[in-house]
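Colleague: Take a look at upload31.cif, mmCIF, C-alpha atoms (C1' of nucleotides):
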```
data_structure
#
loop_
_atom_site.label_atom_id
_atom_site.label_comp_id
_atom_site.auth_asym_id
_atom_site.auth_seq_id
_atom_site.Cartn_x
_atom_site.Cartn_y
_atom_site.Cartn_z
CA MET H 18 0.00 0.00 0.00
CA LYS H 19 1.44 3.36 -0.99
CA ILE H 20 1.59 6.33 1.29
CA ALA H 21 -1.30 8.15 -0.39
CA GLU H 22 -3.63 5.28 0.36
CA VAL H 23 -2.56 5.01 3.98
CA SER H 24 -2.91 8.75 4.34
CA LYS H 25 -6.43 8.66 3.01
CA ARG H 26 -7.42 5.57 4.97
CA TYR H 27 -6.45 7.08 8.32
CA GLY H 28 -6.87 10.77 7.57
CA ILE H 29 -3.25 11.47 8.39
CA PRO H 30 -1.18 13.75 6.11
CA GLN H 31 1.57 11.98 4.16
CA GLU H 32 4.09 14.38 5.68
CA THR H 33 3.02 13.26 9.13
CA LEU H 34 3.34 9.61 8.20
CA ARG H 35 6.88 10.23 6.96
CA TYR H 36 7.63 12.14 10.12
CA TYR H 37 6.22 9.29 12.23
CA GLU H 38 8.45 6.84 10.44
CA ARG H 39 11.49 9.05 10.85
CA VAL H 40 11.07 9.41 14.62
CA ASN H 41 9.97 5.77 15.10
CA VAL H 42 6.33 6.25 16.02
CA ILE H 43 5.70 3.64 13.33
CA PRO H 44 8.07 1.01 11.86
CA LYS H 45 10.60 1.67 9.13
CA ILE H 46 8.52 0.99 6.05
CA ALA H 47 10.04 -1.31 3.42
CA ARG H 48 10.72 0.35 0.05
CA GLU H 49 10.07 -0.91 -3.46
CA ASN H 50 12.20 1.02 -5.92
CA GLY H 51 12.63 3.59 -3.22
CA ILE H 52 8.90 3.94 -2.62
CA ARG H 53 7.27 2.97 0.67
CA ASN H 54 5.07 -0.11 0.65
CA PHE H 55 2.99 -0.24 3.83
CA THR H 56 2.04 -3.73 5.03
CA GLU H 57 -1.07 -4.41 7.08
CA ASP H 58 1.16 -4.75 10.13
CA ASP H 59 2.55 -1.30 9.44
CA CYS H 60 -1.01 -0.03 9.22
CA ILE H 61 -1.80 -1.47 12.63
CA TRP H 62 0.93 0.74 14.03
CA VAL H 63 -0.44 3.72 12.15
CA GLN H 64 -3.86 3.09 13.64
CA PHE H 65 -2.41 2.54 17.09
CA ALA H 66 -0.50 5.81 16.89
CA LYS H 67 -3.50 7.66 15.56
CA CYS H 68 -5.73 6.44 18.36
CA LEU H 69 -3.28 7.32 21.09
CA ARG H 70 -2.24 10.66 19.62
CA ALA H 71 -5.88 11.70 19.23
CA ALA H 72 -6.36 11.02 22.92
CA GLY H 73 -3.39 13.19 23.77
CA LEU H 74 -0.50 10.78 24.37
CA SER H 75 2.83 12.31 23.47
CA VAL H 76 4.74 11.19 20.42
CA GLU H 77 7.58 10.45 22.82
CA ALA H 78 5.49 7.99 24.83
CA ILE H 79 4.56 6.06 21.71
CA ILE H 80 8.17 5.99 20.57
CA GLU H 81 9.23 4.62 23.94
CA TYR H 82 6.53 1.98 23.84
CA ARG H 83 7.66 0.93 20.39
CA ARG H 84 11.27 0.84 21.50
CA LEU H 85 10.31 -1.57 24.26
CA THR H 86 8.34 -3.83 21.93
CA LEU H 87 11.34 -4.08 19.64
CA ILE H 88 13.53 -5.28 22.49
CA GLY H 89 11.21 -8.23 23.12
CA ASP H 90 9.57 -10.14 25.94
CA SER H 91 12.00 -8.90 28.58
CA THR H 92 10.20 -5.55 28.46
CA ILE H 93 6.68 -6.80 28.98
CA GLU H 94 6.48 -5.46 32.50
CA ALA H 95 7.97 -2.13 31.50
CA ARG H 96 5.46 -1.82 28.66
CA CYS H 97 2.65 -2.68 31.02
CA GLU H 98 3.78 0.02 33.46
CA LEU H 99 4.15 2.55 30.67
CA LEU H 100 0.63 1.91 29.40
CA LYS H 101 -0.81 2.01 32.90
CA SER H 102 0.87 5.32 33.54
CA GLU H 103 -0.49 6.76 30.30
CA ARG H 104 -3.90 5.38 31.16
CA GLU H 105 -3.84 7.28 34.45
CA LYS H 106 -3.02 10.48 32.60
CA LEU H 107 -5.95 9.96 30.27
CA ILE H 108 -8.29 9.39 33.18
CA ASP H 109 -7.08 12.64 34.75
CA GLN H 110 -7.54 14.42 31.46
CA LYS H 111 -11.05 13.10 31.20
CA ARG H 112 -11.80 14.47 34.64
CA SER H 113 -10.51 17.89 33.57
CA ILE H 114 -12.76 17.77 30.55
CA ASP H 115 -15.76 16.84 32.68
CA GLU H 116 -15.09 19.79 34.94
CA ALA H 117 -14.86 22.13 31.97
CA LEU H 118 -18.01 20.65 30.48
CA GLU H 119 -19.89 21.35 33.69
CA LEU H 120 -18.73 24.95 33.55
CA LEU H 121 -19.60 25.30 29.88
CA ASN H 122 -23.00 23.70 30.36
CA TYR H 123 -23.80 26.17 33.09
CA LYS H 124 -22.69 29.15 31.03
CA VAL H 125 -24.43 28.00 27.88
CA SER H 126 -27.68 27.44 29.76
CA ARG H 127 -27.51 30.97 31.17
CA TYR H 128 -26.73 32.44 27.79
CA GLU H 129 -29.55 30.53 26.13
CA GLU H 130 -31.91 31.78 28.79
CA ALA H 131 -30.64 35.30 28.18
CA VAL H 132 -31.15 34.98 24.45
CA LYS H 133 -34.74 33.83 24.99
CA THR H 134 -35.84 36.01 27.89
CA GLY H 135 -33.51 38.96 27.58
CA VAL H 136 -32.38 38.41 31.16
CA LEU H 137 -28.82 37.36 31.91
CA SER H 138 -28.76 35.95 35.43
CA TRP H 139 -25.31 35.26 36.57
CA ASP H 140 -23.84 33.46 39.54
CA LYS H 141 -20.36 34.41 38.33
CA LYS H 142 -19.09 31.06 39.54
CA MET Y 20 -3.68 39.85 46.32
CA LYS Y 21 -0.16 39.73 44.92
CA ILE Y 22 0.89 37.51 42.09
CA ALA Y 23 2.74 35.02 44.32
CA GLU Y 24 -0.44 34.29 46.24
CA VAL Y 25 -2.53 33.86 43.11
CA SER Y 26 0.15 31.63 41.66
CA LYS Y 27 0.12 29.44 44.73
CA ARG Y 28 -3.66 29.40 45.03
CA TYR Y 29 -4.18 28.11 41.51
CA GLY Y 30 -0.93 26.30 40.92
CA ILE Y 31 -0.10 28.46 37.92
CA PRO Y 32 3.43 29.87 37.51
CA GLN Y 33 3.75 33.62 37.92
CA GLU Y 34 5.27 33.80 34.46
CA THR Y 35 2.17 32.19 33.04
CA LEU Y 36 -0.12 34.60 34.89
CA ARG Y 37 1.83 37.55 33.47
CA TYR Y 38 1.67 35.96 30.05
CA TYR Y 39 -2.09 35.44 30.41
CA GLU Y 40 -2.53 39.08 31.31
CA ARG Y 41 -0.38 40.22 28.40
CA VAL Y 42 -2.37 38.27 25.81
CA ASN Y 43 -5.75 38.99 27.46
CA VAL Y 44 -6.64 35.55 28.76
CA ILE Y 45 -7.29 37.37 32.04
CA PRO Y 46 -8.03 41.06 32.68
CA LYS Y 47 -5.42 43.78 32.91
CA ILE Y 48 -4.62 43.67 36.61
CA ALA Y 49 -4.65 47.02 38.44
CA ARG Y 50 -1.25 48.04 39.85
CA GLU Y 51 -0.40 49.53 43.23
CA ASN Y 52 2.96 51.24 43.02
CA GLY Y 53 3.56 49.27 39.89
CA ILE Y 54 2.75 45.94 41.52
CA ARG Y 55 -0.23 43.83 40.45
CA ASN Y 56 -3.09 43.59 42.91
CA PHE Y 57 -5.46 40.80 41.89
CA THR Y 58 -9.10 41.30 42.89
CA GLU Y 59 -11.45 38.38 43.49
CA ASP Y 60 -13.02 39.12 40.12
CA ASP Y 61 -9.61 38.81 38.51
CA CYS Y 62 -9.21 35.49 40.29
CA ILE Y 63 -12.47 34.24 38.86
CA TRP Y 64 -10.98 34.76 35.42
CA VAL Y 65 -7.82 32.96 36.46
CA GLN Y 66 -9.88 30.02 37.64
CA PHE Y 67 -12.00 30.08 34.49
CA ALA Y 68 -8.90 30.06 32.30
CA LYS Y 69 -7.29 27.33 34.34
CA CYS Y 70 -10.31 25.09 34.09
CA LEU Y 71 -10.71 25.53 30.35
CA ARG Y 72 -7.01 25.28 29.56
CA ALA Y 73 -6.71 22.09 31.59
CA ALA Y 74 -9.47 20.61 29.46
CA GLY Y 75 -7.63 21.57 26.30
CA LEU Y 76 -9.28 24.77 25.09
CA SER Y 77 -6.86 26.98 23.21
CA VAL Y 78 -5.59 30.20 24.69
CA GLU Y 79 -6.99 31.86 21.59
CA ALA Y 80 -10.52 30.65 22.29
CA ILE Y 81 -10.43 32.06 25.79
CA ILE Y 82 -9.09 35.37 24.51
CA GLU Y 83 -11.89 35.56 21.97
CA TYR Y 84 -14.48 34.77 24.63
CA ARG Y 85 -13.08 37.50 26.84
CA ARG Y 86 -13.04 39.95 23.97
CA LEU Y 87 -16.74 39.31 23.44
CA THR Y 88 -17.59 39.76 27.11
CA LEU Y 89 -15.83 43.12 27.10
CA ILE Y 90 -17.97 44.34 24.21
CA GLY Y 91 -21.14 43.72 26.20
CA ASP Y 92 -24.63 42.27 25.88
CA SER Y 93 -24.67 42.55 22.11
CA THR Y 94 -22.32 39.57 21.98
CA ILE Y 95 -24.35 37.21 24.16
CA GLU Y 96 -25.36 35.05 21.23
CA ALA Y 97 -21.85 34.98 19.82
CA ARG Y 98 -20.49 33.96 23.21
CA CYS Y 99 -23.10 31.26 23.49
CA GLU Y 100 -22.16 29.90 20.07
CA LEU Y 101 -18.47 30.02 20.90
CA LEU Y 102 -18.97 28.07 24.12
CA LYS Y 103 -21.22 25.53 22.42
CA SER Y 104 -18.63 24.99 19.73
CA GLU Y 105 -15.90 24.47 22.32
CA ARG Y 106 -18.20 22.14 24.21
CA GLU Y 107 -18.58 20.00 21.11
CA LYS Y 108 -14.84 19.79 20.74
CA LEU Y 109 -14.50 18.64 24.33
CA ILE Y 110 -17.13 15.98 23.82
CA ASP Y 111 -15.22 14.76 20.76
CA GLN Y 112 -12.00 14.78 22.72
CA LYS Y 113 -13.62 12.76 25.46
CA ARG Y 114 -14.69 10.21 22.90
CA SER Y 115 -11.13 9.96 21.60
CA ILE Y 116 -9.91 9.40 25.13
CA ASP Y 117 -12.49 6.69 25.69
CA GLU Y 118 -11.37 4.92 22.55
CA ALA Y 119 -7.76 5.08 23.65
CA LEU Y 120 -8.70 3.87 27.12
CA GLU Y 121 -10.41 0.86 25.63
CA LEU Y 122 -7.28 0.05 23.68
CA LEU Y 123 -5.03 0.58 26.68
CA ASN Y 124 -7.27 -1.50 28.93
CA TYR Y 125 -7.10 -4.35 26.49
CA LYS Y 126 -3.33 -4.17 26.17
CA VAL Y 127 -2.75 -3.78 29.89
CA SER Y 128 -4.95 -6.79 30.64
CA ARG Y 129 -2.97 -8.89 28.18
CA TYR Y 130 0.32 -7.72 29.59
CA GLU Y 131 -0.79 -8.39 33.15
CA GLU Y 132 -1.84 -11.86 32.14
CA ALA Y 133 1.53 -12.35 30.50
CA VAL Y 134 3.37 -11.16 33.58
CA LYS Y 135 1.41 -13.65 35.72
CA THR Y 136 1.20 -16.66 33.44
CA GLY Y 137 4.17 -16.14 31.17
CA VAL Y 138 1.88 -16.34 28.16
CA LEU Y 139 1.35 -13.32 25.95
CA SER Y 140 -1.82 -13.90 23.96
CA TRP Y 141 -2.29 -11.27 21.37
CA ASP Y 142 -5.14 -10.35 19.08
CA LYS Y 143 -2.97 -7.65 17.53
CA LYS Y 144 -6.04 -5.46 17.23
"C1'" DG D 22 9.20 8.63 -24.91
"C1'" DT D 23 7.36 12.40 -22.89
"C1'" DA D 24 4.40 15.04 -19.95
"C1'" DT D 25 2.05 14.83 -15.54
"C1'" DG D 26 1.50 13.41 -11.10
"C1'" DA D 27 3.18 10.82 -7.02
"C1'" DT D 28 6.95 9.97 -4.17
"C1'" DT D 29 11.53 10.62 -2.12
"C1'" DT D 30 15.04 13.13 1.03
"C1'" DA D 31 17.19 16.53 4.11
"C1'" DA D 32 16.60 20.55 6.09
"C1'" DA D 33 14.36 24.60 7.39
"C1'" DG D 34 10.17 26.86 9.00
"C1'" DT D 35 5.84 27.29 11.72
"C1'" DT D 36 2.65 27.29 15.60
"C1'" DG D 37 0.98 27.35 20.26
"C1'" DA D 38 1.95 27.88 24.76
"C1'" DC D 39 4.65 28.85 27.57
"C1'" DT D 40 9.41 29.79 30.08
"C1'" DC D 41 13.51 32.16 30.95
"C1'" DC D 42 16.58 36.17 31.20
"C1'" DA D 43 18.47 40.66 32.35
"C1'" DA D 44 18.16 44.76 34.30
"C1'" DG D 45 15.73 47.49 36.93
"C1'" DT D 46 11.96 48.75 40.93
"C1'" DT D 47 9.56 47.97 45.33
"C1'" DA D 48 8.62 45.84 49.86
"C1'" DG D 49 9.54 44.24 54.33
"C1'" DG D 50 12.50 43.00 58.17
"C1'" DT D 51 16.28 44.65 61.35
"C1'" DA Z 19 19.48 52.96 55.94
"C1'" DC Z 20 20.47 48.58 54.23
"C1'" DC Z 21 19.87 43.97 52.70
"C1'" DT Z 22 17.31 40.51 50.63
"C1'" DA Z 23 13.31 38.84 48.60
"C1'" DA Z 24 9.52 39.77 45.59
"C1'" DC Z 25 8.03 42.20 41.82
"C1'" DT Z 26 8.35 44.68 37.24
"C1'" DT Z 27 9.18 44.88 31.94
"C1'" DG Z 28 10.53 43.67 27.19
"C1'" DG Z 29 12.38 40.49 24.67
"C1'" DA Z 30 14.49 36.22 23.63
"C1'" DG Z 31 14.46 31.23 24.00
"C1'" DT Z 32 12.37 26.59 24.29
"C1'" DC Z 33 9.64 22.62 23.24
"C1'" DA Z 34 6.48 19.46 20.93
"C1'" DA Z 35 4.52 18.26 16.88
"C1'" DC Z 36 4.14 18.94 12.93
"C1'" DT Z 37 4.45 21.41 8.05
"C1'" DT Z 38 6.71 23.33 4.21
"C1'" DT Z 39 10.26 23.70 0.76
"C1'" DA Z 40 13.27 22.34 -2.84
"C1'" DA Z 41 15.31 19.43 -5.74
"C1'" DA Z 42 15.39 14.95 -7.33
"C1'" DT Z 43 13.43 10.36 -8.71
"C1'" DC Z 44 9.61 7.19 -10.01
"C1'" DA Z 45 5.16 5.82 -12.19
"C1'" DT Z 46 1.80 5.98 -15.50
"C1'" DA Z 47 -1.27 7.40 -19.20
"C1'" DC Z 48 -1.10 8.70 -23.73
#
```
Using the file provided, produce a representation of the structure as structure tokens.
Modeller:
Amino acid sequence: MKIAEVSKRYGIPQETLRYYERVNVIPKIARENGIRNFTEDDCIWVQFAKCLRAAGLSVEAIIEYRRLTLIGDSTIEARCELLKSEREKLIDQKRSIDEALELLNYKVSRYEEAVKTGVLSWDKK
Amino acid sequence: MKIAEVSKRYGIPQETLRYYERVNVIPKIARENGIRNFTEDDCIWVQFAKCLRAAGLSVEAIIEYRRLTLIGDSTIEARCELLKSEREKLIDQKRSIDEALELLNYKVSRYEEAVKTGVLSWDKK
DNA sequence: GTATGATTTAAAGTTGACTCCAAGTTAGGT
DNA sequence: ACCTAACTTGGAGTCAACTTTAAATCATAC
């Protein structure tokens, strides 16, 4: 699979895919006549990276995880700890979002009331 | 209230508070002999910014919201739309996090099994 | 076989959000 | 009055994560 297809399939710019390969977020892609040919296994890494990046994991964390997988079974515990640590961060982040959502919901409800009734009642909280 | 106290109260570096003031994330703080004296109203903005930034809103979005509030009641609808749009983004972001959490939970459970049993069973998904 | 479009590389540039620095006030304790 | 700590400003620097550029090579339709 050429880079254009992978790019389209996952909605990731080609430039970003090349960058991901360069910094080891994804594997080194085998070339055919100098042109990248993504395997399905490569695509699994692309998808993995996309999922985790979208959630907010750092590129560095993914690189480290990949580094550990390449070493082999001796790093299973380290990988497990890494993923658990990232999972905790995501849970914290979700809590922050929930707090912001509560604030936004309150504000929006007041604004919508104001738009309808002309009265803007405000607890300022 | 001086900047050190505000910094401590909200866990935001003084440098960041000054930066927030400079770019209008928070109000221009009144000076006493050249030294900032934060009012409680100023602090409400600090808290507001902290909450929204922690959730991932851009500094720019908060600046724009503040700009609208300074104009007055004529911008109530615009502010409402802005906050609703940011709310949608947060909901999307939460969904991304949930997807990543599902993936991480799966991987962690497999790794924990492997640590205990010595067998790493892998669906590769 | 030639024009057009896709792909390659290395390197430089951009963006957002801080973060640090230097040089100069101001405040508070003794 | 003096020392030290806290505060000020403007500007430069940093960092992560891309994104763009340029010049070259490869693929493909005609």
Colleague: Taking the file as shown, find all residues satisfying the PyMOL selection byres ((chain D) within 10 of (chain H)) and write them as a PyMOL selection string.
Modeller: chain D and resi 27-29
Colleague: Using all atoms listed in the file, determine which residues lie at most 8 Å from segment 94-104 of chain H, disregarding the query and same-chain residues fewer than 3 positions distant; provide the list as a CSV table (one decimal) with C-alpha atoms, in the frame of the given file.
Modeller:
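As written to disk, out-v4.csv reads:
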```csv
chain,number,residue,atom,x,y,z
H,74,LEU,CA,-0.5,10.8,24.4
H,82,TYR,CA,6.5,2.0,23.8
H,85,LEU,CA,10.3,-1.6,24.3
H,86,THR,CA,8.3,-3.8,21.9
H,91,SER,CA,12.0,-8.9,28.6
H,107,LEU,CA,-6.0,10.0,30.3
H,108,ILE,CA,-8.3,9.4,33.2
Y,120,LEU,CA,-8.7,3.9,27.1
Y,123,LEU,CA,-5.0,0.6,26.7
Y,124,ASN,CA,-7.3,-1.5,28.9
Y,126,LYS,CA,-3.3,-4.2,26.2
Y,127,VAL,CA,-2.8,-3.8,29.9
Y,130,TYR,CA,0.3,-7.7,29.6
Y,131,GLU,CA,-0.8,-8.4,33.2
Y,134,VAL,CA,3.4,-11.2,33.6
```
Colleague: Rounded to one decimal, what separation in Å do you get between atom C1' of DC41 of chain D and atom CA of Asn52 of chain Y?
Modeller: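 Between these atoms lies a distance of 24.9 Å.
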Colleague: Report as JSON lines: every residue of chain Z with an atom at most 12 Å from chain Y, its closest pair of atoms, and their distance in Å to one decimal, counting all atoms listed in the file, with rows sorted by chain and ascending residue number.
Modeller:
```
{"residue": "Z:DA24", "atom": "C1'", "partner": "Y:Ala23", "partner_atom": "CA", "distance": 8.4}
{"residue": "Z:DC25", "atom": "C1'", "partner": "Y:Ile54", "partner_atom": "CA", "distance": 6.5}
{"residue": "Z:DT26", "atom": "C1'", "partner": "Y:Gly53", "partner_atom": "CA", "distance": 7.1}
{"residue": "Z:DT27", "atom": "C1'", "partner": "Y:Arg37", "partner_atom": "CA", "distance": 10.5}
{"residue": "Z:DG28", "atom": "C1'", "partner": "Y:Arg41", "partner_atom": "CA", "distance": 11.5}
```
Colleague: Exactly which residues make up the result of the PyMOL selection byres ((chain Y and resi 141) around 10) on this file, given as a PDB file with C-alpha atoms, in the coordinates of the input?
Modeller:
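Saved as selection_15.pdb:
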```
ATOM      1  CA  TYR Y 125      -7.100  -4.350  26.490  1.00  0.00           C
ATOM      2  CA  LYS Y 126      -3.330  -4.170  26.170  1.00  0.00           C
ATOM      3  CA  ARG Y 129      -2.970  -8.890  28.180  1.00  0.00           C
ATOM      4  CA  TYR Y 130       0.320  -7.720  29.590  1.00  0.00           C
ATOM      5  CA  ALA Y 133       1.530 -12.350  30.500  1.00  0.00           C
ATOM      6  CA  VAL Y 138       1.880 -16.340  28.160  1.00  0.00           C
ATOM      7  CA  LEU Y 139       1.350 -13.320  25.950  1.00  0.00           C
ATOM      8  CA  SER Y 140      -1.820 -13.900  23.960  1.00  0.00           C
ATOM      9  CA  ASP Y 142      -5.140 -10.350  19.080  1.00  0.00           C
ATOM     10  CA  LYS Y 143      -2.970  -7.650  17.530  1.00  0.00           C
ATOM     11  CA  LYS Y 144      -6.040  -5.460  17.230  1.00  0.00           C
TER      12      LYS Y 144
END
```
Colleague: Tell me, as a list in words, which residues lie within 10 Å of segment 28-42 of chain Y, counting only C-alpha atoms (C1' of nucleotides); anything in the same chain fewer than 4 positions away does not count.
Modeller: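 Neighbouring residues, sequence-local ones excluded: Ile22, Ala23, Glu24, Pro46, Lys47, Ile48, Arg55, Cys62, Val65, Gln66, Ala68, Lys69, Val78, Glu79 and Ile82 of chain Y; DA38, DC39, DT40 and DC41 of chain D.
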Colleague: Go ahead and find all residues with at least one atom no further than 10 Å from (-0.8, 15.8, 27.8) in the file's coordinates, using all atoms listed in the file; report them as a ChimeraX atom specification.
Modeller: /H:70,72-75,103,106-107,109-110 /Y:73,75
Colleague: Would you give the centre and edge lengths, in Å to one decimal, of a box along x, y and z around the listed atoms of segment 35-47 of chain D, with 3 Å added to each side, as lines of an AutoDock Vina configuration file?
Modeller:
```
center_x = 9.7
center_y = 38.0
center_z = 28.5
size_x = 23.5
size_y = 27.5
size_z = 39.6
```
